file model38.csv (CSV, C-alpha atoms)
chain,number,residue,atom,x,y,z
A,1099,MET,CA,-38.3,-0.2,-34.0
A,1100,MET,CA,-35.6,-2.3,-35.6
A,1101,THR,CA,-33.0,0.4,-35.5
A,1102,ASN,CA,-33.5,1.2,-31.9
A,1103,THR,CA,-29.8,0.6,-31.0
A,1104,LEU,CA,-27.4,2.5,-28.9
A,1105,ILE,CA,-26.2,4.5,-31.9
A,1106,SER,CA,-29.5,5.1,-33.5
A,1107,THR,CA,-31.1,6.2,-30.2
A,1108,ALA,CA,-28.1,8.3,-29.4
A,1109,MET,CA,-28.2,9.9,-32.8
A,1110,ARG,CA,-31.9,10.6,-32.4
A,1111,VAL,CA,-31.3,12.2,-29.0
A,1112,GLY,CA,-28.6,14.3,-30.5
A,1113,LEU,CA,-30.7,15.3,-33.4
A,1114,ILE,CA,-33.7,16.2,-31.2
A,1115,ALA,CA,-31.4,18.4,-29.2
A,1116,THR,CA,-29.9,20.2,-32.1
A,1117,LEU,CA,-32.5,19.9,-34.8
A,1118,ALA,CA,-35.8,19.6,-33.1
A,1119,TYR,CA,-37.7,19.8,-36.3
A,1120,ALA,CA,-35.5,17.5,-38.4
A,1121,PRO,CA,-37.4,15.1,-40.6
A,1122,LEU,CA,-37.5,11.5,-39.4
A,1123,ALA,CA,-35.8,10.4,-42.6
A,1124,ALA,CA,-32.6,12.1,-41.4
A,1125,GLN,CA,-32.2,9.5,-38.7
A,1126,ALA,CA,-31.3,6.7,-41.0
A,1127,ASP,CA,-28.9,8.9,-43.0
A,1128,THR,CA,-27.1,10.0,-39.8
A,1129,LEU,CA,-27.1,6.4,-38.5
A,1130,ALA,CA,-25.5,5.2,-41.6
A,1131,GLU,CA,-22.8,7.8,-41.2
A,1132,VAL,CA,-22.0,6.9,-37.6
A,1133,ALA,CA,-21.9,3.1,-38.1
A,1134,GLY,CA,-18.5,1.9,-39.1
A,1135,ARG,CA,-15.0,1.3,-37.9
A,1136,TYR,CA,-13.2,3.7,-35.5
A,1137,LYS,CA,-9.7,4.1,-34.4
A,1138,ILE,CA,-9.2,5.1,-30.7
A,1139,GLN,CA,-7.5,8.5,-30.5
A,1140,SER,CA,-4.6,9.4,-28.3
A,1141,SER,CA,-6.7,12.3,-27.0
A,1142,SER,CA,-8.7,9.6,-25.1
A,1143,ARG,CA,-8.0,9.2,-21.4
A,1144,VAL,CA,-7.5,5.9,-19.6
A,1145,GLY,CA,-7.7,6.7,-15.9
A,1146,PHE,CA,-7.7,4.5,-12.9
A,1147,THR,CA,-8.1,4.6,-9.1
A,1148,VAL,CA,-7.1,2.1,-6.5
A,1149,SER,CA,-8.5,3.1,-3.1
A,1150,GLN,CA,-6.6,2.6,0.1
A,1151,VAL,CA,-7.6,1.9,3.8
A,1152,GLY,CA,-8.4,5.1,5.7
A,1153,GLY,CA,-9.5,7.0,2.6
A,1154,GLY,CA,-7.8,8.3,-0.6
A,1155,GLY,CA,-5.8,6.1,-2.9
A,1156,ILE,CA,-3.7,6.0,-6.0
A,1157,THR,CA,-5.0,7.6,-9.1
A,1158,GLY,CA,-3.3,7.8,-12.4
A,1159,ASP,CA,-3.7,7.1,-16.1
A,1160,PHE,CA,-2.0,5.3,-19.0
A,1161,LYS,CA,-0.6,7.6,-21.6
A,1162,LYS,CA,-0.1,5.1,-24.4
A,1163,PHE,CA,-2.8,2.8,-25.8
A,1164,SER,CA,-4.4,1.9,-29.1
A,1165,GLY,CA,-7.5,0.2,-30.3
A,1166,VAL,CA,-10.3,0.0,-32.8
A,1167,PHE,CA,-14.0,-0.5,-32.5
A,1168,SER,CA,-16.7,-1.0,-35.0
A,1169,LEU,CA,-20.3,0.0,-34.5
A,1170,ASP,CA,-23.0,-2.0,-36.1
A,1171,ASN,CA,-26.0,0.1,-37.1
A,1172,SER,CA,-28.6,-2.6,-37.0
A,1173,ASN,CA,-27.5,-4.7,-34.1
A,1174,ILE,CA,-25.4,-3.2,-31.3
A,1175,GLY,CA,-24.6,-6.8,-30.2
A,1176,ARG,CA,-22.5,-7.2,-33.3
A,1177,SER,CA,-20.3,-4.3,-32.5
A,1178,VAL,CA,-16.8,-5.1,-31.3
A,1179,ILE,CA,-13.9,-3.4,-29.6
A,1180,ASP,CA,-10.3,-4.4,-29.4
A,1181,PHE,CA,-8.1,-2.4,-27.1
A,1182,THR,CA,-4.4,-2.5,-26.1
A,1183,LEU,CA,-2.7,-0.4,-23.5
A,1184,TYR,CA,1.0,-0.2,-22.6
A,1185,PRO,CA,1.5,-0.4,-18.9
A,1186,GLU,CA,5.0,1.2,-19.2
A,1187,SER,CA,3.2,4.4,-19.9
A,1188,VAL,CA,1.5,4.5,-16.5
A,1189,SER,CA,1.5,7.9,-14.9
A,1190,THR,CA,0.6,8.8,-11.3
A,1191,GLY,CA,2.6,12.0,-10.7
A,1192,GLN,CA,4.9,10.1,-8.4
A,1193,ALA,CA,8.0,8.5,-10.0
A,1194,ARG,CA,8.5,6.0,-7.2
A,1195,VAL,CA,4.9,4.7,-7.5
A,1196,GLU,CA,5.3,4.5,-11.3
A,1197,ASN,CA,8.5,2.5,-11.0
A,1198,PHE,CA,6.8,0.2,-8.5
A,1199,LEU,CA,3.9,-0.3,-10.9
A,1200,ARG,CA,6.1,-1.1,-13.9
A,1201,SER,CA,8.2,-3.5,-11.9
A,1202,ASP,CA,7.6,-7.2,-11.6
A,1203,ALA,CA,5.7,-6.5,-8.4
A,1204,VAL,CA,2.8,-5.3,-10.6
A,1205,PHE,CA,2.7,-5.0,-14.4
A,1206,ASP,CA,6.1,-6.5,-15.1
A,1207,SER,CA,6.1,-4.4,-18.2
A,1208,ALA,CA,9.5,-5.6,-19.3
A,1209,ASN,CA,8.1,-9.1,-19.9
A,1210,PHE,CA,4.5,-8.2,-20.5
A,1211,PRO,CA,4.5,-5.0,-22.5
A,1212,THR,CA,0.8,-4.9,-23.3
A,1213,ILE,CA,-2.5,-5.4,-21.6
A,1214,THR,CA,-5.4,-6.2,-24.0
A,1215,PHE,CA,-9.1,-6.2,-23.9
A,1216,LYS,CA,-11.2,-7.9,-26.6
A,1217,SER,CA,-15.0,-7.7,-26.4
A,1218,THR,CA,-17.0,-10.8,-26.6
A,1219,GLN,CA,-20.5,-9.5,-25.9
A,1220,ILE,CA,-21.9,-5.9,-26.1
A,1221,THR,CA,-25.3,-5.5,-24.6
A,1222,GLN,CA,-27.4,-2.3,-24.8
A,1223,THR,CA,-28.6,-1.3,-21.3
A,1224,SER,CA,-30.4,2.0,-22.0
A,1225,PRO,CA,-30.8,4.4,-24.9
A,1226,ASP,CA,-27.3,5.6,-24.5
A,1227,THR,CA,-25.5,3.0,-22.5
A,1228,ALA,CA,-24.2,-0.5,-23.1
A,1229,GLU,CA,-22.4,-3.2,-21.2
A,1230,VAL,CA,-19.2,-4.3,-22.9
A,1231,ALA,CA,-18.1,-7.8,-21.8
A,1232,GLY,CA,-14.8,-9.3,-22.9
A,1233,ILE,CA,-11.6,-10.9,-22.1
A,1234,LEU,CA,-8.8,-8.9,-20.4
A,1235,THR,CA,-5.3,-10.3,-20.7
A,1236,ALA,CA,-2.5,-9.0,-18.4
A,1237,ARG,CA,0.7,-10.5,-17.2
A,1238,GLY,CA,-0.1,-13.6,-19.3
A,1239,LYS,CA,-3.3,-14.2,-17.5
A,1240,SER,CA,-6.7,-13.9,-19.1
A,1241,GLY,CA,-10.1,-13.4,-17.4
A,1242,PRO,CA,-13.6,-12.0,-18.1
A,1243,ALA,CA,-14.0,-8.3,-17.6
A,1244,SER,CA,-16.9,-5.9,-18.2
A,1245,PHE,CA,-17.2,-2.2,-18.6
A,1246,GLN,CA,-20.2,0.2,-18.8
A,1247,ALA,CA,-20.1,2.5,-21.8
A,1248,ASN,CA,-22.0,5.8,-21.9
A,1249,LEU,CA,-22.3,7.7,-25.1
A,1250,ALA,CA,-20.9,11.2,-24.3
A,1251,ASP,CA,-20.6,12.9,-27.6
A,1252,HIS,CA,-20.6,12.3,-31.3
A,1253,GLY,CA,-20.0,14.1,-34.6
A,1254,LYS,CA,-19.9,13.2,-38.2
A,1255,ASN,CA,-16.6,11.3,-38.0
A,1256,SER,CA,-16.0,11.0,-34.3
A,1257,ILE,CA,-17.6,9.5,-31.3
A,1258,THR,CA,-16.9,9.7,-27.6
A,1259,PHE,CA,-17.8,7.2,-24.9
A,1260,ARG,CA,-17.2,7.4,-21.2
A,1261,VAL,CA,-16.3,3.8,-20.1
A,1262,GLN,CA,-16.1,2.6,-16.5
A,1263,GLY,CA,-15.4,-0.7,-15.0
A,1264,LYS,CA,-13.8,-2.5,-12.1
A,1265,ILE,CA,-11.1,-5.1,-12.3
A,1266,MET,CA,-9.9,-7.5,-9.6
A,1267,ARG,CA,-6.1,-7.3,-9.9
A,1268,SER,CA,-5.6,-10.5,-7.9
A,1269,ARG,CA,-6.8,-12.4,-10.9
A,1270,TYR,CA,-3.8,-11.2,-12.9
A,1271,GLY,CA,-1.2,-11.8,-10.2
A,1272,MET,CA,-1.1,-8.2,-9.2
A,1273,ASP,CA,-2.4,-8.3,-5.7
A,1274,VAL,CA,0.7,-6.8,-4.1
A,1275,GLY,CA,-0.2,-4.3,-1.3
A,1276,THR,CA,-3.7,-5.8,-0.5
A,1277,PRO,CA,-5.5,-5.2,1.8
A,1278,ILE,CA,-3.8,-1.8,2.3
A,1279,TYR,CA,-4.6,-1.0,-1.3
A,1280,SER,CA,-7.9,-2.3,-2.6
A,1281,ASN,CA,-7.9,-5.4,-4.8
A,1282,VAL,CA,-10.4,-3.5,-7.0
A,1283,VAL,CA,-9.0,-1.2,-9.8
A,1284,GLN,CA,-11.6,1.3,-10.9
A,1285,PHE,CA,-11.2,2.4,-14.4
A,1286,ASP,CA,-12.7,5.7,-15.7
A,1287,MET,CA,-12.0,6.2,-19.3
A,1288,THR,CA,-12.9,8.7,-22.0
A,1289,ILE,CA,-12.6,6.8,-25.3
A,1290,ARG,CA,-12.6,9.0,-28.4
A,1291,GLY,CA,-12.9,7.2,-31.8
A,1292,GLN,CA,-12.1,8.7,-35.1
A,1293,ARG,CA,-13.5,7.0,-38.2
A,1294,SER,CA,-10.8,5.0,-39.8
B,523,MET,CA,4.8,-13.3,41.2
B,524,LEU,CA,3.4,-10.8,38.8
B,525,ARG,CA,4.8,-7.7,40.5
B,526,ASN,CA,8.3,-6.6,41.2
B,527,SER,CA,9.8,-6.9,44.7
B,528,ARG,CA,12.9,-5.2,46.1
B,529,ASP,CA,14.8,-8.4,45.3
B,530,SER,CA,13.3,-9.6,42.0
B,531,PHE,CA,11.4,-8.7,38.9
B,532,GLY,CA,7.8,-9.9,38.6
B,533,LEU,CA,6.6,-11.9,35.6
B,534,VAL,CA,5.0,-8.9,34.0
B,535,SER,CA,8.3,-6.9,33.9
B,536,ILE,CA,10.2,-9.9,32.7
B,537,LEU,CA,7.7,-10.5,29.9
B,538,PHE,CA,7.8,-6.8,28.9
B,539,HIS,CA,11.6,-6.9,28.9
B,540,TRP,CA,12.0,-10.0,26.7
B,541,ILE,CA,9.1,-9.5,24.3
B,542,ILE,CA,10.2,-5.9,23.6
B,543,ALA,CA,13.9,-7.0,23.4
B,544,LEU,CA,13.0,-9.7,20.8
B,545,ILE,CA,10.9,-7.3,18.7
B,546,PHE,CA,13.6,-4.6,19.0
B,547,LEU,CA,16.3,-6.9,17.6
B,548,GLY,CA,14.0,-8.2,14.9
B,549,GLN,CA,13.2,-4.6,13.9
B,550,ILE,CA,16.9,-3.7,13.6
B,551,PHE,CA,17.4,-6.8,11.4
B,552,LEU,CA,14.3,-6.1,9.4
B,553,GLY,CA,15.1,-2.4,9.0
B,554,TYR,CA,18.6,-3.2,7.7
B,555,LEU,CA,17.3,-5.8,5.3
B,556,MET,CA,14.2,-4.0,3.9
B,557,VAL,CA,16.1,-1.1,2.5
B,558,ARG,CA,18.6,-3.4,0.8
B,559,THR,CA,16.4,-5.7,-1.2
B,560,SER,CA,15.7,-5.0,-4.8
B,561,ASP,CA,12.5,-7.1,-4.9
B,562,PHE,CA,9.7,-4.6,-4.8
B,563,THR,CA,7.0,-7.0,-3.5
B,564,LEU,CA,9.3,-8.2,-0.7
B,565,GLN,CA,10.3,-4.7,0.1
B,566,PHE,CA,6.7,-3.5,0.4
B,567,ASN,CA,5.8,-6.4,2.6
B,568,LEU,CA,8.9,-6.0,4.8
B,569,PHE,CA,8.1,-2.3,5.3
B,570,GLN,CA,4.6,-3.1,6.4
B,571,TRP,CA,5.8,-5.7,8.9
B,572,HIS,CA,8.4,-3.2,10.1
B,573,LYS,CA,5.7,-0.5,10.6
B,574,SER,CA,3.4,-3.0,12.4
B,575,PHE,CA,6.0,-4.2,14.8
B,576,GLY,CA,7.2,-0.6,15.4
B,577,PHE,CA,3.8,0.4,16.6
B,578,LEU,CA,3.6,-2.7,18.7
B,579,ILE,CA,6.9,-1.7,20.4
B,580,LEU,CA,5.5,1.8,20.9
B,581,GLY,CA,2.3,0.5,22.5
B,582,LEU,CA,4.0,-2.1,24.6
B,583,SER,CA,6.6,0.4,25.8
B,584,ALA,CA,3.9,2.8,26.9
B,585,LEU,CA,2.3,0.0,28.9
B,586,ARG,CA,5.7,-1.0,30.2
B,587,LEU,CA,6.5,2.5,31.4
B,588,ILE,CA,3.1,2.7,33.3
B,589,TRP,CA,3.9,-0.7,34.9
B,590,LYS,CA,7.4,0.5,35.8
B,591,PHE,CA,6.0,3.4,37.7
B,592,LEU,CA,3.5,1.2,39.5
B,593,ASN,CA,6.2,-1.2,40.7
B,594,VAL,CA,9.3,-1.0,42.9
B,595,ARG,CA,12.6,-1.4,41.2
B,596,PRO,CA,14.7,-4.3,42.4
B,597,ARG,CA,17.9,-3.2,44.2
B,598,ASP,CA,21.3,-3.2,42.5
B,599,PRO,CA,23.7,-5.8,43.9
B,600,GLU,CA,25.5,-4.4,46.9
B,601,THR,CA,28.8,-5.4,45.4
B,602,MET,CA,28.2,-3.2,42.3
B,603,PRO,CA,30.6,-0.2,42.2
B,604,PRO,CA,28.9,3.2,41.9
B,605,ILE,CA,30.3,3.9,38.5
B,606,GLU,CA,28.7,0.7,37.1
B,607,ARG,CA,25.4,1.6,38.7
B,608,VAL,CA,25.5,5.0,37.0
B,609,ALA,CA,26.5,3.4,33.7
B,610,ALA,CA,23.8,0.7,34.0
B,611,HIS,CA,21.1,3.3,34.8
B,612,ALA,CA,22.2,5.6,32.1
B,613,ALA,CA,21.9,2.7,29.6
B,614,HIS,CA,18.5,1.9,30.9
B,615,VAL,CA,17.3,5.5,30.5
B,616,LEU,CA,18.7,5.6,26.9
B,617,LEU,CA,17.1,2.3,26.0
B,618,TYR,CA,13.7,3.5,27.4
B,619,LEU,CA,14.0,6.8,25.5
B,620,SER,CA,14.9,4.9,22.3
B,621,LEU,CA,11.8,2.7,22.7
B,622,PHE,CA,9.8,5.8,22.2
B,623,ILE,CA,11.9,8.0,20.0
B,624,VAL,CA,12.9,5.4,17.4
B,625,PRO,CA,9.2,4.3,16.7
B,626,LEU,CA,8.1,7.9,16.7
B,627,THR,CA,10.7,8.9,14.1
B,628,GLY,CA,9.6,5.8,12.1
B,629,TRP,CA,6.0,7.1,12.3
B,630,ALA,CA,7.4,10.4,11.0
B,631,VAL,CA,9.0,8.7,8.0
B,632,ALA,CA,5.6,7.1,7.1
B,633,SER,CA,3.8,10.4,7.7
B,634,SER,CA,6.2,12.7,5.8
B,635,SER,CA,6.6,10.4,2.7
B,636,PRO,CA,4.9,11.8,-0.4
B,637,LEU,CA,3.9,8.1,-1.1
B,638,GLN,CA,1.5,8.4,1.9
B,639,ILE,CA,1.3,4.7,2.2
B,640,PRO,CA,-1.2,4.0,5.0
B,641,THR,CA,-0.1,2.2,8.1
B,642,PHE,CA,-2.5,-0.8,8.6
B,643,MET,CA,-1.1,-2.4,11.7
B,644,PHE,CA,-1.0,-6.2,11.2
B,645,ASN,CA,-3.9,-5.5,8.7
B,646,LEU,CA,-6.1,-4.9,11.6
B,647,LEU,CA,-5.8,-1.2,12.6
B,648,VAL,CA,-5.3,1.9,10.5
B,649,VAL,CA,-2.8,4.2,12.2
B,650,PRO,CA,-3.3,7.9,11.2
B,651,GLN,CA,-0.4,9.9,9.8
B,652,LEU,CA,1.3,12.5,12.0
B,653,PRO,CA,0.4,16.1,11.0
B,654,ILE,CA,3.8,16.9,9.7
B,655,THR,CA,5.3,18.3,6.4
B,656,ILE,CA,5.0,15.9,3.5
B,657,SER,CA,7.9,16.2,1.1
B,658,ASP,CA,10.8,14.2,-0.3
B,659,SER,CA,13.3,16.2,1.9
B,660,ALA,CA,11.2,15.7,5.0
B,661,GLU,CA,11.1,12.0,4.3
B,662,ALA,CA,14.8,11.9,3.8
B,663,PHE,CA,15.4,13.8,7.1
B,664,TRP,CA,13.2,11.5,9.1
B,665,SER,CA,14.5,8.3,7.4
B,666,ALA,CA,18.1,9.3,8.3
B,667,SER,CA,17.1,10.3,11.8
B,668,HIS,CA,15.2,7.0,12.3
B,669,ALA,CA,18.1,4.9,11.0
B,670,TRP,CA,20.8,6.7,13.0
B,671,LEU,CA,18.8,6.6,16.2
B,672,ALA,CA,18.0,2.9,15.7
B,673,TYR,CA,21.6,2.0,15.1
B,674,LEU,CA,22.8,4.1,18.0
B,675,SER,CA,20.2,2.5,20.3
B,676,SER,CA,21.4,-0.9,19.2
B,677,VAL,CA,24.9,0.1,20.2
B,678,VAL,CA,23.5,0.9,23.7
B,679,ALA,CA,21.5,-2.4,23.6
B,680,ALA,CA,24.8,-4.2,22.8
B,681,ALA,CA,26.5,-2.6,25.8
B,682,HIS,CA,23.5,-3.6,27.9
B,683,ILE,CA,23.7,-7.2,26.7
B,684,LEU,CA,27.5,-7.4,27.2
B,685,ALA,CA,27.1,-6.0,30.7
B,686,ALA,CA,24.5,-8.6,31.5
B,687,LEU,CA,26.7,-11.4,30.2
B,688,HIS,CA,29.6,-9.9,32.2
B,689,HIS,CA,27.6,-10.0,35.4
B,690,HIS,CA,26.6,-13.6,34.6
B,691,PHE,CA,29.8,-15.2,33.5
B,692,TRP,CA,32.5,-13.1,35.1
B,693,LYS,CA,30.9,-11.6,38.2
B,694,ARG,CA,28.7,-14.6,38.6
B,695,ASP,CA,25.9,-12.6,40.3
B,696,ALA,CA,22.2,-12.9,39.7
B,697,ILE,CA,21.7,-9.8,37.5
B,698,LEU,CA,20.8,-11.8,34.4
B,699,ILE,CA,19.0,-14.6,36.3
B,700,ARG,CA,16.6,-12.2,37.9
B,701,MET,CA,15.5,-11.0,34.5
B,702,LEU,CA,14.9,-14.7,33.5
B,703,ARG,CA,12.8,-15.9,36.4
B,704,SER,CA,10.6,-14.2,38.9
B,705,ARG,CA,11.4,-16.4,41.8
B,706,VAL,CA,13.1,-14.6,44.7
B,707,VAL,CA,16.8,-14.6,44.1
B,708,GLY,CA,18.9,-12.7,46.5
B,709,THR,CA,20.7,-9.9,44.7
B,710,GLY,CA,24.4,-10.1,44.9
B,711,SER,CA,24.3,-13.8,45.6
B,712,LYS,CA,26.2,-16.3,43.4
B,713,HIS,CA,23.9,-18.1,41.0
B,714,ALA,CA,24.0,-21.9,40.9
B,715,ASN,CA,26.4,-23.4,38.5
call {"tool": "encode", "arguments": {"input": "model38.csv", "output": "structure tokens"}}
result
Amino acid sequence: MMTNTLISTAMRVGLIATLAYAPLAAQADTLAEVAGRYKIQSSSRVGFTVSQVGGGGITGDFKKFSGVFSLDNSNIGRSVIDFTLYPESVSTGQARVENFLRSDAVFDSANFPTITFKSTQITQTSPDTAEVAGILTARGKSGPASFQANLADHGKNSITFRVQGKIMRSRYGMDVGTPIYSNVVQFDMTIRGQRS
Amino acid sequence: MLRNSRDSFGLVSILFHWIIALIFLGQIFLGYLMVRTSDFTLQFNLFQWHKSFGFLILGLSALRLIWKFLNVRPRDPETMPPIERVAAHAAHVLLYLSLFIVPLTGWAVASSSPLQIPTFMFNLLVVPQLPITISDSAEAFWSASHAWLAYLSSVVAAAHILAALHHHFWKRDAILIRMLRSRVVGTGSKHAN
């Protein structure tokens, strides 16, 4: 069906789970409600892990970020996301590691206060998942990056995705510590959007 | 000759001596430098080189000690006064001890640090952490111990070097020469000028 998009399917799954006997007509109404523009909430979590030789690694998250995304109800491919995070807000539970990450050895947050991601192509991969491809810009360098988004939860004015992806930090001039610390940064994010 | 004789050091002992001596001096210099740079990337890399060479010293010293027990020790020069023999041997014992204790306390620094940065020796071999307490205060204790023992051992090394130079330039005996070439050189004899 034409409205078989991430959102419509997700809404249908949700409706089936909660209102098994809801009339089919309700789908379109709910879909129309979910489609729209969302602002990413500070209750979201932007976590990352960099593994190290011999097991374990550095895990942490970024406390400050902002962004918006819009969901298109008829064609998921027309949905877009624009995300900014502030590397100064990196948190690992270890001050020395944080200072190292903020320094010009890694983020150089004094000269490059933001890391941005702008989607270029969103492709639905299953009823409740999509691949979000875009351009990641960090430390003045831009490169393609892609993330897997899973619909986790949704309400009338809010929606939550779990977003995961891997970034090669060498592309952004942040390869200090390799190969002791992996070149791959694994992101694991919970992105909560509130209708704006 | 590979093995020591009663009159001279063999090639293996000579190579152990100079390779370890070179790395030891490099490590003192590297250790001094790496805690004084404000460049984080350089500091990280210098620390990793320091750790790799430290484990190299530890490994080579273990092999050297085994080799030492399998070989005879060349005689001291007959002209050497007893007090100097005692002083020289005491310095050798201290230097041998420091070749083990200094790297081991360095290993304790890496193992006790809350940063838990893995030791990936020359990016080839992961060295496990010692099973010791991990805390900022433990790291501070081992860091201070490591630095003090390293600087103390370099004072002993300096005395050892000065003594060798004294033998060579003032006493004009073959003490230094026999650690430079493995050919038979009579101990106590004057070296060629």
call {"tool": "closest_atom_pairs", "arguments": {"input": "model38.csv", "of": "chain B", "to": "chain A", "cutoff": "9 Å", "atoms": "all atoms listed in the file", "output": "Markdown table"}}
result
| residue | atom | partner | partner_atom | distance |
| --- | --- | --- | --- | --- |
| B:Asp561 | CA | A:Ala1203 | CA | 7.7 |
| B:Phe562 | CA | A:Ala1203 | CA | 5.7 |
| B:Thr563 | CA | A:Ala1203 | CA | 5.1 |
| B:Leu564 | CA | A:Ala1203 | CA | 8.7 |
| B:Phe566 | CA | A:Gly1275 | CA | 7.2 |
| B:Asn567 | CA | A:Gly1275 | CA | 7.5 |
| B:Pro636 | CA | A:Gln1192 | CA | 8.2 |
| B:Leu637 | CA | A:Val1195 | CA | 7.3 |
| B:Ile639 | CA | A:Ile1278 | CA | 8.3 |
| B:Pro640 | CA | A:Val1151 | CA | 6.8 |
| B:Thr641 | CA | A:Ile1278 | CA | 8.0 |
| B:Phe642 | CA | A:Ile1278 | CA | 6.5 |
| B:Asn645 | CA | A:Pro1277 | CA | 7.1 |
| B:Val648 | CA | A:Gly1152 | CA | 6.5 |
| B:Val649 | CA | A:Gly1152 | CA | 8.6 |
| B:Pro650 | CA | A:Gly1152 | CA | 8.0 |
call {"tool": "atom_distance", "arguments": {"input": "model38.csv", "atom1": "CA of Phe569 (chain B)", "atom2": "CA of Ala630 (chain B)"}}
result
13.9 Å
call {"tool": "residues_near_point", "arguments": {"input": "model38.csv", "point": "(10.2, -7.8, 9.7)", "cutoff": "7 Å", "atoms": "all atoms listed in the file", "output": "ChimeraX atom specification"}}
result
/B:548-549,552,568,571-572
call {"tool": "write_last_selection", "arguments": {"input": "model38.csv", "atoms": "C-alpha atoms", "output": "compact mmCIF listing (two decimals), in the frame of the given file"}}
result
# COMPACT_ATOMS: atom_id res chain seq x y z
CA GLY B 548 14.00 -8.20 14.90
CA GLN B 549 13.20 -4.60 13.90
CA LEU B 552 14.30 -6.10 9.40
CA LEU B 568 8.90 -6.00 4.80
CA TRP B 571 5.80 -5.70 8.90
CA HIS B 572 8.40 -3.20 10.10
call {"tool": "closest_residue", "arguments": {"input": "model38.csv", "among": "A:Asn1209, A:Ser1168, A:Ser1294, A:Asn1248", "to": "Pro1225 (chain A)", "atoms": "all atoms listed in the file"}}
result
A:Asn1248
call {"tool": "atom_distance", "arguments": {"input": "model38.csv", "atom1": "CA of Ser1142 (chain A)", "atom2": "CA of Gly1291 (chain A)"}}
result
8.3 Å
call {"tool": "residues_around", "arguments": {"input": "model38.csv", "residues": "region 1211-1215 of chain A", "least_positions_apart": "4", "cutoff": "9 Å", "atoms": "all atoms listed in the file", "output": "list of chain:residue names"}}
result
A:Phe1163, A:Ile1179, A:Asp1180, A:Phe1181, A:Thr1182, A:Leu1183, A:Tyr1184, A:Pro1185, A:Glu1186, A:Phe1205, A:Asp1206, A:Ser1207, A:Gly1232, A:Ile1233, A:Leu1234, A:Thr1235, A:Ala1236, A:Arg1237, A:Gly1238, A:Ala1243
call {"tool": "atom_distance", "arguments": {"input": "model38.csv", "atom1": "CA of Met1266 (chain A)", "atom2": "CA of Val1148 (chain A)"}}
result
10.5 Å
call {"tool": "residues_around", "arguments": {"input": "model38.csv", "residues": "Thr1157 (chain A)", "least_positions_apart": "5", "cutoff": "10 Å", "atoms": "all atoms listed in the file", "output": "list in words"}}
result
Gly1145, Phe1146, Thr1147, Val1148, Ser1149, Ser1189, Thr1190, Gly1191, Val1283, Gln1284 and Phe1285 of chain A
call {"tool": "write_last_selection", "arguments": {"input": "model38.csv", "atoms": "C-alpha atoms", "output": "PDB file, in the coordinates of the input"}}
result
ATOM      1  CA  GLY A1145      -7.700   6.700 -15.900  1.00  0.00           C
ATOM      2  CA  PHE A1146      -7.700   4.500 -12.900  1.00  0.00           C
ATOM      3  CA  THR A1147      -8.100   4.600  -9.100  1.00  0.00           C
ATOM      4  CA  VAL A1148      -7.100   2.100  -6.500  1.00  0.00           C
ATOM      5  CA  SER A1149      -8.500   3.100  -3.100  1.00  0.00           C
ATOM      6  CA  SER A1189       1.500   7.900 -14.900  1.00  0.00           C
ATOM      7  CA  THR A1190       0.600   8.800 -11.300  1.00  0.00           C
ATOM      8  CA  GLY A1191       2.600  12.000 -10.700  1.00  0.00           C
ATOM      9  CA  VAL A1283      -9.000  -1.200  -9.800  1.00  0.00           C
ATOM     10  CA  GLN A1284     -11.600   1.300 -10.900  1.00  0.00           C
ATOM     11  CA  PHE A1285     -11.200   2.400 -14.400  1.00  0.00           C
TER      12      PHE A1285
END
call {"tool": "residues_around", "arguments": {"input": "model38.csv", "residues": "region 593-606 of chain B", "least_positions_apart": "3", "cutoff": "9 Å", "atoms": "all atoms listed in the file", "output": "VMD selection string"}}
result
chain B and resid 525 to 531 588 to 590 609 to 611 695 to 697 708 to 711
call {"tool": "residues_around", "arguments": {"input": "model38.csv", "residues": "Ser1256 (chain A)", "least_positions_apart": "3", "cutoff": "7 Å", "atoms": "all atoms listed in the file", "output": "CSV table (one decimal) with C-alpha atoms, in the frame of the given file"}}
result
chain,number,residue,atom,x,y,z
A,1252,HIS,CA,-20.6,12.3,-31.3
A,1253,GLY,CA,-20.0,14.1,-34.6
A,1291,GLY,CA,-12.9,7.2,-31.8
A,1292,GLN,CA,-12.1,8.7,-35.1
A,1293,ARG,CA,-13.5,7.0,-38.2
call {"tool": "residues_around", "arguments": {"input": "model38.csv", "residues": "Ser1177 (chain A)", "least_positions_apart": "6", "cutoff": "7 Å", "atoms": "all atoms listed in the file", "output": "count of residues only"}}
result
4
call {"tool": "residues_near_point", "arguments": {"input": "model38.csv", "point": "(-22.1, 6.1, -21.9)", "cutoff": "12 Å", "atoms": "all atoms listed in the file", "output": "VMD selection string"}}
result
chain A and resid 1104 to 1105 1108 1222 to 1230 1245 to 1252 1257 to 1263 1286 to 1290
